[in-house]
Amino acid sequence: MDAATAPWWIWPLALFALTYLLGIVAVVAGIGGGVLFVPLVGSFFPFHLDFVRGAGLLIALAGTLAAAPLLLRIRLANLRLVLPLALAGSIASLCGAIVGLALPTDVVQIALGATVVAVAFLLWRTDPAGQLASESDALGEILRLKGEFHDPTAQMTIDWRTHRTIAGLAAFAGIGFFGGVFGLGAGFANVPALNVLMGAPLKVAVGSSGLVISIINSPAAWVYINRGALLPLLAVPSILGIMLGARVGARLLHTMPAATVRRVVIVAMLIAGIRALLRGLGLWI
Amino acid sequence: MDLDHEIYARWLDRLVRVAFVLAALSFALYVSGVLTPYVPLDSLPALWRLPLPEYLARSGAPVGWDWLPLVARADYLNLAAVSLFALMTLVCYLRVIPLLPRLQAALAIAQVLVLLAAMSGLV
């Protein structure tokens with residue numbers, strides 16, 4: 001069926017189905033849904049990329065907001081750790097959203113395609129377990145970037161702290177800017193920044209990454225809302241789909257083969273990224 | 001668990017549930033045709049493929065907070081429901097600021113100012 005002649009109701013239905021599936025695989029693969037949503041919907045659905053990025057920010061926001069209460073309660077997300085990082089990221093995401101909406105669409109398409117392909121390779125190559133910080137740096141000590149959590153698999157309570165705070169703040173500013181431009185949560189970048197760069201335990205990095213996204217994406221989302229770049233017919237079914245799918249994904253987390261799901265996600269990202277690149281270059285409209 | 005974490009988690013949990021239900025209800029009213037949208041559903045497929053400036057010019061859709069008087073229209077009722085997701089971090093921060101140590105409270109106040117600047121539409 002030609003997208004131009006298809007009835008309008010096909011698209012919210014298709015979005016709901018797609019985001020429900022994305023919600024499941026995103027949780028199992030340990031990524032945010034936005035990094036799949038924006039290139040897939042931007043490349044294979046009839047919506048302009050401006051609206052897709054607005055919806056992408058909202059689904060990343062809704063998914064992480066829904067997960068944050070549980071992550072805080074089980075101490076995998078730490079508000080004190082997140083406060084300074086989210087502030088740096090929020091200022092940058094606000095700037096990123098303004099820049100992203102001002103850039104020509106083909107430039108954004110090309111940059112998005114190249115970025116998604118690069119992230120797919122990064123996910124493929126990265127060993128997520130970094131070296132834990134043994135001591136705080138001076139700024140981390142002042143900001144009290146430390147805590148403890150109980151790891152049920154190791155049957156022990158782990159005291160943790162972070163280091164390289166200035167580099168961490170710079171990294172989250174970069175991640176926030178990038179998320180604002182492309183309408184992504186960028187969880188794939190948050191986790192290495194917290195774990196590999198700042199030395200937080202992997203579980204705390206994954207948990208706090210969700211909380212960071214829920215804060216960083218809010219100012220960028222307001223830019224898209226205020227500029228009129230949020231189409232409810234696109235955003236609402238996507239939000240409902242990803243939130244329901246994420247609940248299923250959380251239940252399936254222990255039974256689904258995470259390595260296989262991760263490979264499927266990487267292939268989907270490569271396809272969507274290459275499609276976005278070719279579309280931006282005018283080679284495959 | 002620290003009190004600030006507990007209260008942040010509790011408030012966020014409730015706000016997310018409310019926003020989810022409101023989004024689902026408002027969307028049902030929108031697509032069922034019970035409430036009339038500002039931009040007719042049938043005209044959307046011709047509009048949603050356009051770049052933002054062209055979409056705004058052709059649809060007459062408002063920008064900034066000018067959509068607020070249109071909240072009785074189905075599409076803007078949905079926008080209001082979706083906006084709740086972008087609003088709830090601000091609400092949770094305001095709730096926990098009095099519970100935070102001085103330095104963390106200052107960071108949280110700065111975050112609130114960033115969110116208010118973004119919400120205002122002035123940036």
# chains A, B, ... in the order shown; residues from 1 in each chain; ligands from 1
call {"tool": "interface_residues", "arguments": {"of": "chain B", "to": "chain A", "cutoff": "6 Å", "atoms": "only C-alpha atoms", "output": "short mmCIF file (atom, residue, chain, number, x, y, z; two decimals) with N, CA and C atoms, in the first residue's frame"}}
result
data_model
loop_
_atom_site.label_atom_id
_atom_site.label_comp_id
_atom_site.auth_asym_id
_atom_site.auth_seq_id
_atom_site.Cartn_x
_atom_site.Cartn_y
_atom_site.Cartn_z
N ALA B 9 10.80 8.75 44.35
CA ALA B 9 10.27 7.53 43.70
C ALA B 9 8.74 7.48 43.84
N ASP B 13 6.27 7.74 40.65
CA ASP B 13 5.43 6.57 40.37
C ASP B 13 3.97 7.00 40.18
N TRP B 48 1.78 15.63 7.85
CA TRP B 48 2.82 15.14 8.75
C TRP B 48 4.13 14.80 8.03
N ARG B 49 4.10 14.83 6.69
CA ARG B 49 5.35 14.60 5.96
C ARG B 49 6.11 15.91 5.69
N LEU B 50 5.49 17.04 6.06
CA LEU B 50 6.10 18.35 5.79
C LEU B 50 7.09 18.74 6.88
N VAL B 63 2.03 27.71 18.28
CA VAL B 63 3.33 27.38 18.91
C VAL B 63 3.37 28.00 20.30
N GLY B 64 4.44 27.70 21.03
CA GLY B 64 4.56 28.19 22.40
C GLY B 64 3.41 27.65 23.25
N ASN B 78 -4.60 15.77 23.96
CA ASN B 78 -3.53 14.77 23.94
C ASN B 78 -2.17 15.41 24.19
N LEU B 79 -1.97 16.59 23.62
CA LEU B 79 -0.70 17.29 23.85
C LEU B 79 -0.54 17.62 25.34
N ALA B 86 6.74 15.54 30.42
CA ALA B 86 7.86 16.49 30.44
C ALA B 86 7.84 17.36 31.69
N GLN B 111 18.66 23.05 38.26
CA GLN B 111 17.94 22.17 37.31
C GLN B 111 16.50 22.67 37.09
N LEU B 115 14.68 23.81 33.59
CA LEU B 115 13.39 23.27 33.14
C LEU B 115 12.37 24.40 32.92
N ALA B 118 13.15 26.16 29.71
CA ALA B 118 12.71 25.35 28.56
C ALA B 118 11.19 25.41 28.40
N MET B 119 10.49 25.32 29.53
CA MET B 119 9.01 25.33 29.48
C MET B 119 8.48 26.68 29.00
N GLY B 121 9.38 28.63 26.79
CA GLY B 121 9.39 28.86 25.35
C GLY B 121 10.22 30.06 24.96
#
call {"tool": "select_by_dssp", "arguments": {"residues": "region 41-277 of chain A", "states": "strand (DSSP E or B)", "output": "VMD selection string"}}
result
chain A and resid 146 to 151 156 to 161
call {"tool": "write_last_selection", "arguments": {"atoms": "N, CA and C atoms", "output": "PDB file, in the first residue's frame"}}
result
ATOM      1  N   LYS A 146      28.658   8.911  45.877  1.00  0.00           N
ATOM      2  CA  LYS A 146      28.921   7.577  46.394  1.00  0.00           C
ATOM      3  C   LYS A 146      27.648   7.003  46.980  1.00  0.00           C
ATOM      4  N   GLY A 147      27.668   5.714  47.221  1.00  0.00           N
ATOM      5  CA  GLY A 147      26.479   5.076  47.783  1.00  0.00           C
ATOM      6  C   GLY A 147      26.727   3.598  47.999  1.00  0.00           C
ATOM      7  N   GLU A 148      25.640   2.869  48.228  1.00  0.00           N
ATOM      8  CA  GLU A 148      25.760   1.427  48.374  1.00  0.00           C
ATOM      9  C   GLU A 148      24.493   0.771  47.831  1.00  0.00           C
ATOM     10  N   PHE A 149      24.648  -0.463  47.367  1.00  0.00           N
ATOM     11  CA  PHE A 149      23.472  -1.226  46.954  1.00  0.00           C
ATOM     12  C   PHE A 149      23.709  -2.699  47.241  1.00  0.00           C
ATOM     13  N   HIS A 150      22.604  -3.413  47.397  1.00  0.00           N
ATOM     14  CA  HIS A 150      22.717  -4.845  47.666  1.00  0.00           C
ATOM     15  C   HIS A 150      22.622  -5.601  46.347  1.00  0.00           C
ATOM     16  N   ASP A 151      23.636  -6.391  46.041  1.00  0.00           N
ATOM     17  CA  ASP A 151      23.637  -7.188  44.811  1.00  0.00           C
ATOM     18  C   ASP A 151      23.183  -8.601  45.158  1.00  0.00           C
ATOM     19  N   MET A 156      25.887  -9.728  48.388  1.00  0.00           N
ATOM     20  CA  MET A 156      26.662  -8.800  49.217  1.00  0.00           C
ATOM     21  C   MET A 156      26.234  -7.355  48.959  1.00  0.00           C
ATOM     22  N   THR A 157      26.520  -6.503  49.948  1.00  0.00           N
ATOM     23  CA  THR A 157      26.269  -5.074  49.787  1.00  0.00           C
ATOM     24  C   THR A 157      27.554  -4.420  49.279  1.00  0.00           C
ATOM     25  N   ILE A 158      27.402  -3.672  48.202  1.00  0.00           N
ATOM     26  CA  ILE A 158      28.582  -3.072  47.572  1.00  0.00           C
ATOM     27  C   ILE A 158      28.605  -1.574  47.838  1.00  0.00           C
ATOM     28  N   ASP A 159      29.703  -1.090  48.446  1.00  0.00           N
ATOM     29  CA  ASP A 159      29.941   0.348  48.595  1.00  0.00           C
ATOM     30  C   ASP A 159      30.607   0.832  47.321  1.00  0.00           C
ATOM     31  N   TRP A 160      30.098   1.921  46.771  1.00  0.00           N
ATOM     32  CA  TRP A 160      30.705   2.399  45.533  1.00  0.00           C
ATOM     33  C   TRP A 160      30.940   3.912  45.606  1.00  0.00           C
ATOM     34  N   ARG A 161      31.807   4.383  44.787  1.00  0.00           N
ATOM     35  CA  ARG A 161      32.070   5.811  44.625  1.00  0.00           C
ATOM     36  C   ARG A 161      32.490   6.038  43.184  1.00  0.00           C
TER      37      ARG A 161
END
call {"tool": "atom_distance", "arguments": {"atom1": "CA of Val117 (chain A)", "atom2": "CA of Gly33 (chain A)"}}
result
15.6 Å
call {"tool": "atom_distance", "arguments": {"atom1": "CA of Ala72 (chain B)", "atom2": "CA of Ala19 (chain B)"}}
result
17.2 Å
call {"tool": "residues_around", "arguments": {"residues": "Leu68 (chain B)", "least_positions_apart": "4", "cutoff": "9 Å", "atoms": "only C-alpha atoms", "output": "JSON list (two decimals) with C-alpha atoms, in the first residue's frame"}}
result
[["chain", "number", "residue", "atom", "x", "y", "z"],
["B", 72, "ALA", "CA", -10.86, 21.16, 24.63],
["B", 76, "TYR", "CA", -4.44, 19.49, 22.15],
["B", 77, "LEU", "CA", -5.98, 17.51, 24.98],
["B", 80, "ALA", "CA", -1.60, 18.32, 27.40]]
call {"tool": "atom_distance", "arguments": {"atom1": "CA of Leu202 (chain A)", "atom2": "CA of Ile24 (chain A)"}}
result
20.8 Å
call {"tool": "select_by_dssp", "arguments": {"residues": "chain B", "states": "helix (DSSP H, G or I)", "output": "PyMOL selection string"}}
result
chain B and resi 3-32+41-47+52-59+68-70+74-99+102-120
call {"tool": "residues_around", "arguments": {"residues": "Ala276 (chain A)", "least_positions_apart": "4", "cutoff": "9 Å", "atoms": "only C-alpha atoms", "output": "list in words"}}
result
Pro39, Leu40, Gly42, Ser43, Gln109, Ile110, Ala111, Leu112, Gly113, Ala114, Val116, Ile271, Ala272, Gly280, Leu281 and Trp284 of chain A
call {"tool": "closest_residue", "arguments": {"among": "B:Gln104, B:Ala81, B:Glu54, B:Thr89", "to": "Leu12 (chain B)", "atoms": "only C-alpha atoms"}}
result
B:Thr89
call {"tool": "closest_residue", "arguments": {"among": "B:Ala74, B:Val18, B:Leu116, B:Leu56", "to": "Ser32 (chain B)", "atoms": "only C-alpha atoms"}}
result
B:Ala74
call {"tool": "residues_around", "arguments": {"residues": "Val39 (chain B)", "least_positions_apart": "6", "cutoff": "10 Å", "atoms": "only C-alpha atoms", "output": "list in words"}}
result
Leu47, Ser59, Gly60, Ala61, Arg73, Ala74, Asp75 and Tyr76 of chain B
